[in-house]
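Trainee: Just passing along the structure, written as C-alpha cells.
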Amino acid sequence: MDILNAIKGTLFGVAVGDALGVPVEFKSRDYLKQFPVNDIIGHGTYNQPPGTFSDDSSLTFCLAEALTNGYDLTQISNNFLRWYKENYWTANGKVFDIGMATENALFNILDGVKPELAGGTNEWHNGNGSLMRISPLLFYIYKKPIQERFEIIKNVSSITHGHIRSIISCFYYLEYMLQLLNGSNNLIAYNNLKTLFLDFLNSISISQSELRNFDRLINYNIFELSENDIESSGYVINTLEASMWCFLRTESYQEAVIKAVNLGYDTDTTGCVTGGIAGLYYGIENIPKEWKNKIFKCDEIEDLAERLYNKIVIEESI
C-alpha cells in the first residue's frame, strides 16, 4: 500500500468520520433511525458549523504533528497541552469537548507527572480517549518488531489512558490497521489478527480475565452479531467492537462511517475510529470529495500528512 495515500486516508478518514458525528453526539439510536445522518451537517449538539471536528481529531493531529519531528512522549504530551490551553489543532479555534480522563491526565502532566504515567490506571479509566487518537502512530511503528510496537503503543496510550484494557484496545486497532497496510483484505486481516493478537498477549502474560474483554473480537466473528448486540457508548471496548463491526459489514468508506454514526450515542468517536480504518483501507480517493472539502483545516491536514510521510521516508533512508 502506498504510504502517503495511507496516511492521507487515515487522517482524513478520522476527521470526516468525526465531523459526521459531532452534530448528533449523544443522540439515541432510535432517534437516528428516524432522522439518520447521511451527510456532513452543522449545529446540533455543540452548535458548530459543518465540517467541525472534535477533540478526537484534534488530538490525532497533535500526535501526528509530534511524529513529524520523531517519537518523543514529552513532545506528544506538550502538543496535547497546547490543544487544551491554546486551542492548537482545533477546527475553528475553540476546544468544545474533552473527556474527563483526558483532562485529569493533562492536569497530572501540568503537575509534573511523566507523560507515560499521567493516564488513569483504574478499571473505570477505560473510556475511548486514547483509542480515538492513536491511528497516526501506525506510521511510526509499522516496521518495528511486535514487542517494540506494543511498548510504544502502551506509552502513547498511557499519556491519557494507562489501564491495560485501553492499551490492548489501541494495540488491537493498530495491529489490525497494520495487517491492512501490509496488503491483507479486511476479513483475512481480521482472521490473521485473532491468532497473532492472542499469541502475543499470552506471551507477555496478560491475564485471561482481561483477555475475556476481547472475546467477541478474538474468539467469534464480530461482524456476525446483530446491531442490537453492538453498543456505541464511550467505553473503549464498545467503541472498538462497534468500529470493527461497521467496517467489516460495509463495502466503502462512506457506508462504514454512516453506519458508525447512526449507531448513536458517542457518534463522533465511533465515526472517528471507524473512519481511521476505512480511510486507510479504501484510500483518500474513496473518501467523498464533497465531505473532505468541508472539513476545517483541510489544507493543513493535507500538509500534515505530507510532512509525516516525509519524516518516515527520511528516517527509512538513513
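We label chains A, B, ... in the order they appear in the C-alpha cells, count residues from 1 in each chain, and number ligands from 1 in the order shown.
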What are the closest atom pairs, with distances in Å to one decimal, for each residue of stretch 205-241 of chain A lying within 12 Å of stretch 158-168 of chain A, using only C-alpha atoms, rows by chain and rising residue number, as CSV?

Mentor:
```
residue,atom,partner,partner_atom,distance
A:Ser205,CA,A:Ile164,CA,11.9
A:Ile206,CA,A:Ile164,CA,8.7
A:Ser207,CA,A:Ile164,CA,10.1
A:Ser209,CA,A:Arg165,CA,10.8
A:Glu210,CA,A:Arg165,CA,7.1
A:Leu211,CA,A:Arg165,CA,8.5
A:Arg212,CA,A:Arg165,CA,10.5
A:Asn213,CA,A:Arg165,CA,8.1
A:Phe214,CA,A:Ile168,CA,9.1
A:Gly234,CA,A:Ser166,CA,11.9
A:Tyr235,CA,A:Ser166,CA,9.4
A:Val236,CA,A:Ser166,CA,6.5
A:Ile237,CA,A:Ser166,CA,8.1
A:Asn238,CA,A:Ser166,CA,11.4
A:Thr239,CA,A:Ser166,CA,10.9
A:Leu240,CA,A:Ser166,CA,10.1
```

Trainee: Distance table requested - stretch 125-157 of chain A against stretch 67-74 of chain A, cut-off 8 Å, only C-alpha atoms: one row per qualifying residue with the closest atom pair and its distance in Å to one decimal, ordered by chain and rising residue number, as a Markdown table.

Mentor:
```
| residue | atom | partner | partner_atom | distance |
| --- | --- | --- | --- | --- |
| A:Leu137 | CA | A:Leu67 | CA | 7.8 |
| A:Tyr140 | CA | A:Leu67 | CA | 7.4 |
| A:Asn155 | CA | A:Leu73 | CA | 7.7 |
| A:Val156 | CA | A:Leu73 | CA | 7.0 |
```

Trainee: Print the selection's residues with C-alpha atoms to a file, as a compact mmCIF listing (two decimals), in the first residue's frame.

Mentor:
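Listing of result-v2.txt after writing:
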```
# COMPACT_ATOMS: atom_id res chain seq x y z
CA LEU A 137 1.22 6.04 15.49
CA TYR A 140 5.95 5.30 13.17
CA ASN A 155 3.36 4.56 26.40
CA VAL A 156 1.37 6.71 23.97
```

Trainee: Give me the residues within 9 Å of A:Leu280 as a short mmCIF file (atom, residue, chain, number, x, y, z; two decimals) with N, CA and C atoms, in the first residue's frame, counting only C-alpha atoms and dropping any in the same chain fewer than 2 places off.

Mentor:
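New file around37.cif:
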```cif
data_model
loop_
_atom_site.label_atom_id
_atom_site.label_comp_id
_atom_site.auth_asym_id
_atom_site.auth_seq_id
_atom_site.Cartn_x
_atom_site.Cartn_y
_atom_site.Cartn_z
N ASN A 5 -0.62 7.74 0.55
CA ASN A 5 -2.06 7.56 0.41
C ASN A 5 -2.66 7.04 1.71
N ALA A 6 -1.95 6.10 2.35
CA ALA A 6 -2.43 5.53 3.62
C ALA A 6 -2.52 6.58 4.71
N ILE A 7 -1.51 7.44 4.78
CA ILE A 7 -1.52 8.50 5.81
C ILE A 7 -2.66 9.48 5.56
N LYS A 8 -2.80 9.91 4.32
CA LYS A 8 -3.89 10.85 4.00
C LYS A 8 -5.24 10.20 4.25
N GLY A 9 -5.39 8.95 3.83
CA GLY A 9 -6.65 8.26 4.05
C GLY A 9 -6.99 8.14 5.51
N THR A 10 -5.97 7.86 6.32
CA THR A 10 -6.20 7.72 7.76
C THR A 10 -6.57 9.04 8.40
N LEU A 11 -5.79 10.08 8.15
CA LEU A 11 -6.05 11.37 8.81
C LEU A 11 -7.39 11.97 8.37
N GLY A 13 -9.79 10.23 7.02
CA GLY A 13 -10.80 9.27 7.45
C GLY A 13 -11.28 9.54 8.85
N MET A 177 -4.88 -2.43 11.63
CA MET A 177 -4.53 -1.50 10.57
C MET A 177 -3.21 -1.89 9.91
N LEU A 180 -3.85 -4.43 7.32
CA LEU A 180 -4.39 -3.79 6.11
C LEU A 180 -3.29 -3.07 5.34
N LEU A 181 -2.43 -2.37 6.06
CA LEU A 181 -1.32 -1.65 5.43
C LEU A 181 -0.41 -2.60 4.66
N GLY A 275 -13.65 5.56 10.86
CA GLY A 275 -13.10 6.32 9.74
C GLY A 275 -11.61 6.14 9.56
N GLY A 276 -10.89 5.95 10.66
CA GLY A 276 -9.45 5.72 10.55
C GLY A 276 -9.15 4.42 9.81
N ILE A 277 -9.86 3.36 10.17
CA ILE A 277 -9.65 2.07 9.49
C ILE A 277 -10.10 2.17 8.03
N ALA A 278 -11.31 2.68 7.82
CA ALA A 278 -11.88 2.71 6.48
C ALA A 278 -11.10 3.64 5.55
N TYR A 282 -9.64 2.02 2.18
CA TYR A 282 -10.21 2.41 0.88
C TYR A 282 -9.41 3.52 0.21
N GLY A 283 -8.61 4.24 0.97
CA GLY A 283 -7.76 5.27 0.40
C GLY A 283 -8.42 6.63 0.33
N ILE A 284 -7.59 7.65 0.26
CA ILE A 284 -8.07 9.03 0.26
C ILE A 284 -8.99 9.29 -0.93
#
```

Trainee: Which residue gives the smallest distance to A:Ser28 among A:Gly264, A:Gly42, A:Gly129, A:Pro136, with only C-alpha atoms counted?

Mentor: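 Residue with the minimum atom-to-atom distance to A:Ser28: A:Gly264.
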
Trainee: Which residues are near stretch 222-230 of chain A? Cut-off 10 Å, only C-alpha atoms, ignore same chain within fewer than 5 positions. Put them as an MDAnalysis selection string.

Mentor: chainID A and resid 187 190 215:217 238:239 241:250 263

Trainee: The selected residues should be written to file as a tab-separated table (two decimals), in the first residue's frame (atoms: N, CA and C atoms).

Mentor:
```tsv
chain	number	residue	atom	x	y	z
A	187	LEU	N	-11.24	-9.14	5.79
A	187	LEU	CA	-11.56	-10.36	6.52
A	187	LEU	C	-10.32	-11.21	6.80
A	190	TYR	N	-8.61	-9.64	9.67
A	190	TYR	CA	-9.34	-9.92	10.91
A	190	TYR	C	-9.02	-11.31	11.43
A	215	ASP	N	-13.20	-11.05	23.96
A	215	ASP	CA	-13.65	-12.36	23.49
A	215	ASP	C	-14.41	-12.28	22.18
A	216	ARG	N	-15.27	-11.28	22.02
A	216	ARG	CA	-16.10	-11.21	20.80
A	216	ARG	C	-15.26	-10.86	19.57
A	217	LEU	N	-14.08	-10.28	19.80
A	217	LEU	CA	-13.20	-9.94	18.68
A	217	LEU	C	-12.23	-11.06	18.33
A	238	ASN	N	-16.56	-1.05	23.74
A	238	ASN	CA	-17.71	-0.80	22.89
A	238	ASN	C	-17.32	-0.08	21.60
A	239	THR	N	-16.45	0.92	21.72
A	239	THR	CA	-16.03	1.67	20.54
A	239	THR	C	-15.23	0.79	19.59
A	241	GLU	N	-15.32	-2.53	19.31
A	241	GLU	CA	-16.22	-3.52	18.70
A	241	GLU	C	-17.12	-2.87	17.65
A	242	ALA	N	-17.70	-1.72	17.99
A	242	ALA	CA	-18.62	-1.06	17.06
A	242	ALA	C	-17.90	-0.67	15.77
A	243	SER	N	-16.68	-0.20	15.90
A	243	SER	CA	-15.93	0.24	14.72
A	243	SER	C	-15.56	-0.94	13.83
A	244	MET	N	-15.12	-2.03	14.44
A	244	MET	CA	-14.81	-3.22	13.66
A	244	MET	C	-16.08	-3.77	13.00
A	245	TRP	N	-17.17	-3.75	13.73
A	245	TRP	CA	-18.46	-4.24	13.20
A	245	TRP	C	-18.88	-3.41	11.98
A	246	CYS	N	-18.81	-2.11	12.11
A	246	CYS	CA	-19.20	-1.23	10.99
A	246	CYS	C	-18.30	-1.44	9.78
A	247	PHE	N	-17.00	-1.52	10.02
A	247	PHE	CA	-16.07	-1.68	8.91
A	247	PHE	C	-16.25	-3.01	8.20
A	248	LEU	N	-16.41	-4.08	8.96
A	248	LEU	CA	-16.48	-5.42	8.38
A	248	LEU	C	-17.83	-5.73	7.74
A	249	ARG	N	-18.84	-4.94	8.03
A	249	ARG	CA	-20.17	-5.18	7.46
A	249	ARG	C	-20.48	-4.25	6.28
A	250	THR	N	-19.51	-3.46	5.84
A	250	THR	CA	-19.74	-2.50	4.78
A	250	THR	C	-18.69	-2.65	3.69
A	263	LEU	N	-25.24	4.58	14.69
A	263	LEU	CA	-25.41	3.75	15.89
A	263	LEU	C	-25.78	4.59	17.11
```

Trainee: With a distance cut-off of 12 Å and only C-alpha atoms, select the neighbouring residues of A:Gly51, excluding the residue or stretch itself and same-chain residues fewer than 6 positions from it, and output the selection as a PDB file with C-alpha atoms, in the first residue's frame.

Mentor:
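That gives us result-v4.pdb:
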```pdb
ATOM      1  CA  PHE A  12      -8.951  12.469   6.623  1.00  0.00           C
ATOM      2  CA  ALA A  15     -11.658  13.829  10.585  1.00  0.00           C
ATOM      3  CA  VAL A  16     -14.589  13.136   8.271  1.00  0.00           C
ATOM      4  CA  GLY A  17     -15.993  10.370  10.483  1.00  0.00           C
ATOM      5  CA  ASP A  18     -15.635  12.654  13.482  1.00  0.00           C
ATOM      6  CA  ALA A  19     -17.288  15.639  11.756  1.00  0.00           C
ATOM      7  CA  LEU A  20     -20.220  13.477  10.658  1.00  0.00           C
ATOM      8  CA  GLY A  21     -20.819  12.522  14.282  1.00  0.00           C
ATOM      9  CA  VAL A  22     -20.273  15.844  16.070  1.00  0.00           C
ATOM     10  CA  PRO A  23     -23.753  17.331  15.464  1.00  0.00           C
ATOM     11  CA  ASP A  39     -24.113  13.973   5.111  1.00  0.00           C
ATOM     12  CA  ILE A  40     -21.894  16.411   6.979  1.00  0.00           C
ATOM     13  CA  ILE A  41     -24.227  18.858   8.667  1.00  0.00           C
ATOM     14  CA  GLY A  42     -23.728  21.584  11.241  1.00  0.00           C
ATOM     15  CA  HIS A  43     -25.009  22.826  14.593  1.00  0.00           C
ATOM     16  CA  SER A  57      -9.336  14.555  15.513  1.00  0.00           C
ATOM     17  CA  THR A  90      -8.789  22.750  16.906  1.00  0.00           C
ATOM     18  CA  ALA A  91     -11.162  23.009  13.958  1.00  0.00           C
ATOM     19  CA  ASN A  92     -12.104  26.656  14.422  1.00  0.00           C
ATOM     20  CA  ASP A 268     -18.113  11.372  16.844  1.00  0.00           C
ATOM     21  CA  GLU A 290     -17.516  16.977  -1.008  1.00  0.00           C
ATOM     22  CA  TRP A 291     -17.070  15.689   2.564  1.00  0.00           C
ATOM     23  CA  LYS A 292     -13.291  16.095   2.598  1.00  0.00           C
ATOM     24  CA  ASN A 293     -13.539  19.652   1.296  1.00  0.00           C
ATOM     25  CA  LYS A 294     -15.989  20.625   4.041  1.00  0.00           C
ATOM     26  CA  ILE A 295     -13.535  19.734   6.807  1.00  0.00           C
ATOM     27  CA  PHE A 296     -11.991  22.668   8.650  1.00  0.00           C
ATOM     28  CA  LYS A 297      -8.221  22.926   8.130  1.00  0.00           C
ATOM     29  CA  CYS A 298      -8.432  20.691   5.074  1.00  0.00           C
TER      30      CYS A 298
END
```

Trainee: In stretch 72-243 of chain A, what's strand (DSSP E or B) per DSSP? Answer as a list in words?

Mentor: Gly120, Gly127, His161 and Tyr235 of chain A

Trainee: Given the selection you just returned, output its residues as a file containing N, CA and C atoms, formatted as a CSV table (one decimal), in the first residue's frame.

Mentor:
```csv
chain,number,residue,atom,x,y,z
A,120,GLY,N,-4.9,7.6,33.8
A,120,GLY,CA,-5.5,6.8,34.9
A,120,GLY,C,-5.3,5.3,34.6
A,127,GLY,N,-12.4,4.8,29.2
A,127,GLY,CA,-13.1,5.4,28.1
A,127,GLY,C,-12.3,5.3,26.8
A,161,HIS,N,-4.6,7.4,29.1
A,161,HIS,CA,-5.3,6.2,29.5
A,161,HIS,C,-4.3,5.0,29.7
A,235,TYR,N,-17.3,3.7,26.3
A,235,TYR,CA,-16.4,2.6,26.8
A,235,TYR,C,-15.5,2.1,25.7
```

Trainee: Taking the DSSP assignment computed from this structure's backbone, write out as an MDAnalysis selection string all residues of stretch 108-200 of chain A that belong to helix (DSSP H, G or I).

Mentor: chainID A and resid 108:110 115:117 131:133 135:141 146:158 164:181 186:200

Trainee: Any idea what's packed within 7 Å of stretch 34-37 of chain A, counting only C-alpha atoms, ignoring anything in its chain fewer than 2 positions away? Could you give it as a list in words?

Mentor: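 Residues meeting the cut-off are Asp30, Tyr31, Leu32, Asp39, Ile258 and Asn262 of chain A.
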
Trainee: For atom CA of A:Ile141 and atom CA of A:Glu316, quote the distance in Å rounded to one decimal.

Mentor: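 So the two atoms, atom CA of A:Ile141 and atom CA of A:Glu316, lie 11.8 Å apart.
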
Trainee: What separation in Å, quoted to one decimal, exists between atom CA of A:Lys259 and atom CA of A:Lys27?

Mentor: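 So the answer is 14.2 Å.
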
Trainee: Rounded to one decimal place, report the atom CA of A:Leu174-atom CA of A:Phe53 distance in Å.

Mentor: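 Separating atom CA of A:Leu174 from atom CA of A:Phe53 is a distance of 21.6 Å.
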